[in-house]
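Source file upload.cif; content: mmCIF, C-alpha atoms.
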data_run
#
loop_
_atom_site.label_atom_id
_atom_site.label_comp_id
_atom_site.auth_asym_id
_atom_site.auth_seq_id
_atom_site.Cartn_x
_atom_site.Cartn_y
_atom_site.Cartn_z
CA THR D 1 120.31 172.57 106.73
CA HIS D 2 119.43 173.09 103.05
CA ALA D 3 116.43 170.80 103.23
CA GLY D 4 114.35 171.50 100.10
CA TYR D 5 116.87 174.16 99.14
CA ASN D 6 116.01 174.20 95.40
CA ASN D 7 112.27 173.78 95.71
CA THR D 8 110.53 176.29 93.44
CA VAL D 9 106.87 175.45 92.87
CA GLY D 10 106.60 172.04 94.53
CA SER D 11 103.63 172.06 96.88
CA ASP D 12 102.40 170.00 99.83
CA VAL D 13 105.93 168.95 100.73
CA VAL D 14 107.56 168.13 104.08
CA PHE D 15 111.36 168.06 104.25
CA ILE D 16 112.99 167.40 107.61
CA GLY D 17 116.70 166.57 107.81
CA GLU D 18 120.02 167.83 106.49
CA GLU D 19 119.88 168.22 102.68
CA CYS D 20 116.81 166.05 102.33
CA GLY D 21 114.87 166.93 99.18
CA LEU D 22 117.76 169.19 98.23
CA TYR D 23 117.16 169.17 94.47
CA ASN D 24 113.40 169.03 94.38
CA THR D 25 112.02 171.73 92.12
CA THR D 26 108.46 170.90 91.08
CA GLY D 27 107.63 167.61 92.80
CA ASP D 28 104.41 167.69 94.85
CA ASP D 29 103.00 165.69 97.76
CA LEU D 30 106.34 164.63 99.16
CA THR D 31 107.46 163.65 102.64
CA PHE D 32 111.21 163.30 103.17
CA ILE D 33 112.51 162.81 106.71
CA GLY D 34 116.15 162.04 107.47
CA GLU D 35 119.58 163.13 106.30
CA ASP D 36 119.75 163.09 102.47
CA ALA D 37 116.37 161.42 102.19
CA GLY D 38 115.07 162.14 98.66
CA TYR D 39 118.24 164.12 98.02
CA ASN D 40 118.07 163.95 94.20
CA ASN D 41 114.31 164.03 93.78
CA THR D 42 113.59 166.68 91.15
CA THR D 43 110.12 166.48 89.60
CA ALA D 44 108.70 163.24 91.02
CA SER D 45 105.58 163.45 93.13
CA ASP D 46 103.76 161.34 95.71
CA ASN D 47 106.81 159.88 97.42
CA THR D 48 107.46 159.15 101.09
CA PHE D 49 111.07 158.58 102.14
CA ILE D 50 111.86 158.24 105.83
CA GLY D 51 115.32 157.36 107.11
CA SER D 52 118.91 158.39 106.50
CA THR D 53 119.53 158.40 102.70
CA ALA D 54 116.22 156.68 102.03
CA GLY D 55 115.40 157.17 98.32
CA ARG D 56 118.50 159.30 97.96
CA THR D 57 119.04 158.67 94.21
CA ASN D 58 115.41 159.00 93.19
CA THR D 59 114.88 161.63 90.50
CA THR D 60 111.62 160.96 88.67
CA GLY D 61 110.26 157.80 90.30
CA TYR D 62 106.82 158.38 91.76
CA ARG D 63 104.38 156.85 94.26
CA ASN D 64 107.14 155.13 96.22
CA CYS D 65 107.36 154.53 99.95
CA PHE D 66 110.80 153.89 101.45
CA VAL D 67 111.21 153.65 105.21
CA GLY D 68 114.52 152.73 106.84
CA SER D 69 118.17 153.65 106.59
CA GLU D 70 119.20 153.39 102.90
CA ALA D 71 115.83 151.90 101.97
CA GLY D 72 115.31 152.37 98.22
CA TYR D 73 118.60 154.23 98.06
CA ASP D 74 119.32 153.64 94.35
CA ASN D 75 115.79 154.02 93.05
CA ARG D 76 115.98 156.36 90.07
CA ASP D 77 112.73 156.26 88.11
CA GLY D 78 111.06 153.13 89.48
CA HIS D 79 107.50 153.72 90.60
CA HIS D 80 104.92 152.15 92.92
CA ASN D 81 107.59 150.50 95.07
CA THR D 82 107.54 149.86 98.80
CA ALA D 83 110.71 149.24 100.82
CA LEU D 84 110.53 148.94 104.59
CA GLY D 85 113.63 148.09 106.60
CA ASP D 86 117.34 148.83 106.77
CA SER D 87 118.73 148.64 103.20
CA ALA D 88 115.52 147.08 101.89
CA GLY D 89 115.39 147.43 98.09
CA ILE D 90 118.62 149.40 98.23
CA ASP D 91 119.67 148.59 94.63
CA ASN D 92 116.32 148.98 92.90
CA SER D 93 116.70 151.59 90.17
CA THR D 94 114.03 151.12 87.50
CA GLY D 95 111.91 148.26 88.84
CA ASP D 96 108.20 148.92 89.39
CA TYR D 97 105.46 147.52 91.64
CA ASN D 98 107.87 145.84 94.04
CA SER D 99 107.51 145.24 97.78
CA TYR D 100 110.57 144.76 99.98
CA ILE D 101 109.82 144.34 103.66
CA GLY D 102 112.58 143.45 106.11
CA ALA D 103 116.23 144.32 106.63
CA GLY D 104 118.12 143.71 103.40
CA ALA D 105 115.07 142.31 101.62
CA GLY D 106 115.66 142.37 97.84
CA ALA D 107 118.89 144.25 98.37
CA GLY D 108 120.39 143.12 95.03
CA SER D 109 117.30 143.64 92.91
CA GLU D 110 117.90 146.44 90.41
CA TYR D 111 115.72 146.01 87.31
CA SER D 112 113.14 143.38 88.27
CA SER D 113 109.47 144.25 88.71
CA PHE D 114 106.45 142.68 90.36
CA VAL D 115 108.43 140.99 93.14
CA THR D 116 107.42 140.64 96.78
CA PHE D 117 109.99 139.83 99.45
CA VAL D 118 108.97 139.74 103.10
CA GLY D 119 111.46 138.88 105.83
CA ALA D 120 115.04 139.74 106.72
CA TYR D 121 117.20 139.20 103.61
CA ALA D 122 114.38 137.54 101.71
CA GLY D 123 115.24 137.59 97.99
CA TYR D 124 118.56 139.18 98.90
CA ASP D 125 120.41 138.23 95.69
CA ASN D 126 117.44 138.54 93.35
CA ASN D 127 118.59 140.14 90.07
CA ARG D 128 122.15 140.44 91.38
CA THR D 129 123.41 139.92 87.80
CA ASN D 130 121.49 143.04 86.74
CA ASN D 131 119.79 141.35 83.81
CA SER D 132 116.89 143.62 82.92
CA THR D 133 114.62 140.76 81.84
CA GLN D 134 115.31 138.22 84.59
CA ALA D 135 114.26 137.68 88.21
CA TRP D 136 110.74 139.06 87.77
CA TYR D 137 107.48 137.90 89.38
CA ASN D 138 109.11 136.22 92.38
CA THR D 139 107.55 136.02 95.84
CA TYR D 140 109.56 135.01 98.91
CA VAL D 141 108.20 135.18 102.44
CA GLY D 142 110.44 134.33 105.40
CA SER D 143 113.89 135.24 106.66
CA PHE D 144 116.52 134.37 104.03
CA CYS D 145 113.83 132.82 101.83
CA GLY D 146 114.91 132.78 98.16
CA TYR D 147 118.18 134.37 99.22
CA THR D 148 120.37 132.98 96.43
CA ASN D 149 118.11 133.29 93.38
CA ARG D 150 119.60 135.67 90.82
CA GLU D 151 117.86 135.21 87.47
CA GLY D 152 114.94 132.82 87.90
CA ASN D 153 111.39 134.06 87.29
CA TYR D 154 107.96 133.06 88.64
CA ASN D 155 109.16 131.46 91.88
CA THR D 156 107.06 131.37 95.03
CA GLY D 157 108.63 130.41 98.35
CA VAL D 158 107.45 130.57 101.95
CA GLY D 159 109.54 129.65 104.99
CA ALA D 160 112.68 130.64 106.85
CA TYR D 161 115.80 129.61 104.90
CA ALA D 162 113.71 128.04 102.15
CA ASP D 163 116.09 128.54 99.26
CA PHE D 164 117.89 127.26 96.18
CA SER D 165 120.88 124.93 96.46
CA GLY D 166 123.22 126.00 93.72
CA ASP D 167 121.04 126.90 90.73
CA ASN D 168 120.50 130.65 90.96
CA THR D 169 118.60 130.71 87.64
CA ALA D 170 115.82 128.28 88.59
CA TYR D 171 112.29 129.24 87.58
CA ARG D 172 108.61 128.36 88.16
CA ASN D 173 109.20 126.66 91.50
CA THR D 174 106.78 126.55 94.42
CA PHE D 175 108.01 125.67 97.90
CA VAL D 176 106.56 126.01 101.40
CA GLY D 177 108.40 125.07 104.59
CA ALA D 178 111.52 125.94 106.56
CA ASP D 179 114.94 124.85 105.28
CA ILE D 180 113.63 123.70 101.92
CA SER D 181 116.14 123.18 99.11
CA ILE D 182 115.32 123.64 95.41
CA GLU D 183 117.79 122.71 92.66
CA ASP D 184 116.02 122.81 89.28
CA ASN D 185 112.93 124.18 87.48
CA ASP D 186 109.20 123.54 87.77
CA ALA D 187 109.57 121.76 91.12
CA CYS D 188 107.26 121.71 94.13
CA ALA D 189 108.30 121.12 97.74
CA PHE D 190 106.16 121.22 100.85
CA GLY D 191 107.35 120.42 104.37
CA TYR D 192 110.24 120.96 106.74
CA TYR D 193 113.59 120.12 105.14
CA ALA D 194 111.89 118.99 101.96
CA TRP D 195 114.33 118.76 99.05
CA ALA D 196 113.34 118.91 95.38
CA GLN D 197 116.48 118.49 93.32
CA ALA D 198 115.31 117.71 89.78
CA ASN D 199 113.20 119.21 87.01
CA GLY D 200 109.47 118.89 87.53
CA CYS D 201 109.72 116.82 90.71
CA THR D 202 107.40 117.01 93.73
CA SER D 203 108.28 116.55 97.40
CA PHE D 204 105.56 116.52 100.04
CA GLY D 205 106.45 115.79 103.66
CA ASN D 206 109.10 116.46 106.29
CA TYR D 207 112.69 115.30 105.67
CA ILE D 208 111.77 114.27 102.15
CA TYR D 209 114.10 113.98 99.18
CA THR D 210 113.33 113.88 95.45
CA ASN D 211 116.11 113.72 92.88
CA GLY D 212 114.50 112.18 89.80
CA THR D 213 113.07 114.15 86.88
CA ARG D 214 109.30 114.37 87.37
CA ALA D 215 109.53 112.05 90.34
CA ILE D 216 107.08 112.23 93.24
CA ALA D 217 107.77 111.59 96.92
CA PHE D 218 105.00 111.76 99.52
CA GLY D 219 105.44 110.96 103.21
CA TYR D 220 107.82 111.44 106.10
CA ASP D 221 111.41 110.76 105.06
CA ALA D 222 110.31 109.44 101.66
CA ASP D 223 112.97 109.25 98.94
CA ALA D 224 112.43 109.27 95.14
CA ARG D 225 115.76 109.21 93.30
CA TYR D 226 114.81 107.88 89.86
CA ASN D 227 113.30 109.65 86.86
CA ARG D 228 109.51 109.49 86.98
CA GLY D 229 109.81 107.38 90.12
CA MET D 230 107.31 107.43 92.99
CA ALA D 231 107.71 106.97 96.73
CA PHE D 232 104.64 107.02 98.96
CA GLY D 233 104.58 106.56 102.73
CA ALA D 234 106.87 107.07 105.68
CA ASN D 235 110.47 106.04 104.98
CA ALA D 236 109.48 104.88 101.49
#
Rewrite the coordinates I just gave you, this time as structure tokens.
Amino acid sequence: THAGYNNTVGSDVVFIGEECGLYNTTGDDLTFIGEDAGYNNTTASDNTFIGSTAGRTNTTGYRNCFVGSEAGYDNRDGHHNTALGDSAGIDNSTGDYNSYIGAGAGAGSEYSSFVTFVGAYAGYDNNRTNNSTQAWYNTYVGSFCGYTNREGNYNTGVGAYADFSGDNTAYRNTFVGADISIEDNDACAFGYYAWAQANGCTSFGNYIYTNGTRAIAFGYDADARYNRGMAFGANA
């Protein structure tokens, strides 16, 4: 009912679902499927919104693909975004060139751009504080990976539950492995349950712990707790 009701000269459009594409007037090359999908789209073109209320708030954002219930719901004029999954990228409004794949992936991200979150609730709290210049250029791959980051930039994380342990503004960290914990900036952690809790520290190995500034720990269950300290070898 009322799908594409206000469409005037928009061409190559497909609207299927109650009130989907309701306010589109001149937008071209659109595919909206689901109740209220693309509801507010007016002049934007080249969008695909599939799912109940997917891309509902979009007005002028273009070249977006939102698939899933409430996926990309709040997108207003953001462009070149991809959100796949229930509530994926739900809060994005003006961010561009983002990819949210998985249920709730990047759900809190509103203004950040150039982020990639893959996995259920990956990057969930990214940009939750709605700072327009923070939480950009982050990549998190894995369920709940990077879940708690809110303002940090340039982070790369891979692994289920690989996340930050209290500092939601941390930046320039690289971590790979399940259940990793990052606390500060410019840290690197690789391995299962590898912890890097200080600025510029490096942890490499399973069950490893580094808590000294610029300290390095390498080996199974290695522990480097002092600034610029080093621990090499199993149980070091």
Explicit residues for the PyMOL selection byres ((chain D and resi 13) around 12) (as a ChimeraX atom specification): /D:3-4,7-12,14-16,20-21,24-33,38,41,44-49
Those residues you just picked out, can you put them in a file as a PDB file, in the coordinates of the input with C-alpha atoms?
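part_36.pdb was written with the following content:
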ATOM      1  CA  ALA D   3     116.430 170.800 103.230  1.00  0.00           C
ATOM      2  CA  GLY D   4     114.350 171.500 100.100  1.00  0.00           C
ATOM      3  CA  ASN D   7     112.270 173.780  95.710  1.00  0.00           C
ATOM      4  CA  THR D   8     110.530 176.290  93.440  1.00  0.00           C
ATOM      5  CA  VAL D   9     106.870 175.450  92.870  1.00  0.00           C
ATOM      6  CA  GLY D  10     106.600 172.040  94.530  1.00  0.00           C
ATOM      7  CA  SER D  11     103.630 172.060  96.880  1.00  0.00           C
ATOM      8  CA  ASP D  12     102.400 170.000  99.830  1.00  0.00           C
ATOM      9  CA  VAL D  14     107.560 168.130 104.080  1.00  0.00           C
ATOM     10  CA  PHE D  15     111.360 168.060 104.250  1.00  0.00           C
ATOM     11  CA  ILE D  16     112.990 167.400 107.610  1.00  0.00           C
ATOM     12  CA  CYS D  20     116.810 166.050 102.330  1.00  0.00           C
ATOM     13  CA  GLY D  21     114.870 166.930  99.180  1.00  0.00           C
ATOM     14  CA  ASN D  24     113.400 169.030  94.380  1.00  0.00           C
ATOM     15  CA  THR D  25     112.020 171.730  92.120  1.00  0.00           C
ATOM     16  CA  THR D  26     108.460 170.900  91.080  1.00  0.00           C
ATOM     17  CA  GLY D  27     107.630 167.610  92.800  1.00  0.00           C
ATOM     18  CA  ASP D  28     104.410 167.690  94.850  1.00  0.00           C
ATOM     19  CA  ASP D  29     103.000 165.690  97.760  1.00  0.00           C
ATOM     20  CA  LEU D  30     106.340 164.630  99.160  1.00  0.00           C
ATOM     21  CA  THR D  31     107.460 163.650 102.640  1.00  0.00           C
ATOM     22  CA  PHE D  32     111.210 163.300 103.170  1.00  0.00           C
ATOM     23  CA  ILE D  33     112.510 162.810 106.710  1.00  0.00           C
ATOM     24  CA  GLY D  38     115.070 162.140  98.660  1.00  0.00           C
ATOM     25  CA  ASN D  41     114.310 164.030  93.780  1.00  0.00           C
ATOM     26  CA  ALA D  44     108.700 163.240  91.020  1.00  0.00           C
ATOM     27  CA  SER D  45     105.580 163.450  93.130  1.00  0.00           C
ATOM     28  CA  ASP D  46     103.760 161.340  95.710  1.00  0.00           C
ATOM     29  CA  ASN D  47     106.810 159.880  97.420  1.00  0.00           C
ATOM     30  CA  THR D  48     107.460 159.150 101.090  1.00  0.00           C
ATOM     31  CA  PHE D  49     111.070 158.580 102.140  1.00  0.00           C
TER      32      PHE D  49
END
Would you kindly return, as a PyMOL selection string, each protein, DNA or RNA residue with an atom no farther than 6 Å from any atom of region 163-169 of chain D, considering only C-alpha atoms and excluding same-chain residues fewer than 5 positions away? chain D and resi 145-146+148-152+181-183
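Here CA of Phe204 (chain D) and CA of Val158 (chain D) stand 14.3 Å from one another.
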Rounded to one decimal place, report the CA of Ser93 (chain D)-CA of Asn185 (chain D) distance in Å.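 Answer for the CA of Ser93 (chain D) to CA of Asn185 (chain D) separation: 27.8 Å.
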By how many Å are CA of Phe175 (chain D) and CA of Ala88 (chain D) apart?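 Between CA of Phe175 (chain D) and CA of Ala88 (chain D) the gap works out to 23.0 Å.
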Please evaluate the PyMOL selection byres ((chain D and resi 216-231) around 6) against the displayed coordinates and give the resulting residues as number ranges by chain. D: 201-215, 232-236
I need the residue set behind the PyMOL selection byres ((chain D and resi 72) around 9) for this file; please write it as a PyMOL selection string. chain D and resi 49+53-58+64-71+73-75+81-84+87-93+107
For region 119-135 of chain D: contacts at 8 Å, all atoms listed in the file, fewer than 5 positions along chain excluded, given as a list in words: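 The filter keeps Ile101, Gly102, Ala103, Gly104, Ala105, Gly106, Ala107, Gly108, Ser109, Glu110, Tyr111, Ser112, Tyr140, Val141, Gly142, Ser143, Phe144, Cys145, Gly146, Tyr147, Thr148, Asn149, Arg150, Glu151, Gly152, Asn153 and Tyr154 of chain D.
Considering the residues D:Tyr161, D:Tyr97, D:Tyr39, D:Tyr137 and counting all atoms listed in the file, Glu19 (chain D) has its shortest atom-to-atom contact with D:Tyr39.
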Go through D:Asp77, D:Asp36, D:Asp186, D:Asp86 and flag the residue nearest Tyr171 (chain D), using all atoms listed in the file for the distances.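 Nearest candidate to Tyr171 (chain D) out of D:Asp77, D:Asp36, D:Asp186, D:Asp86: D:Asp186.
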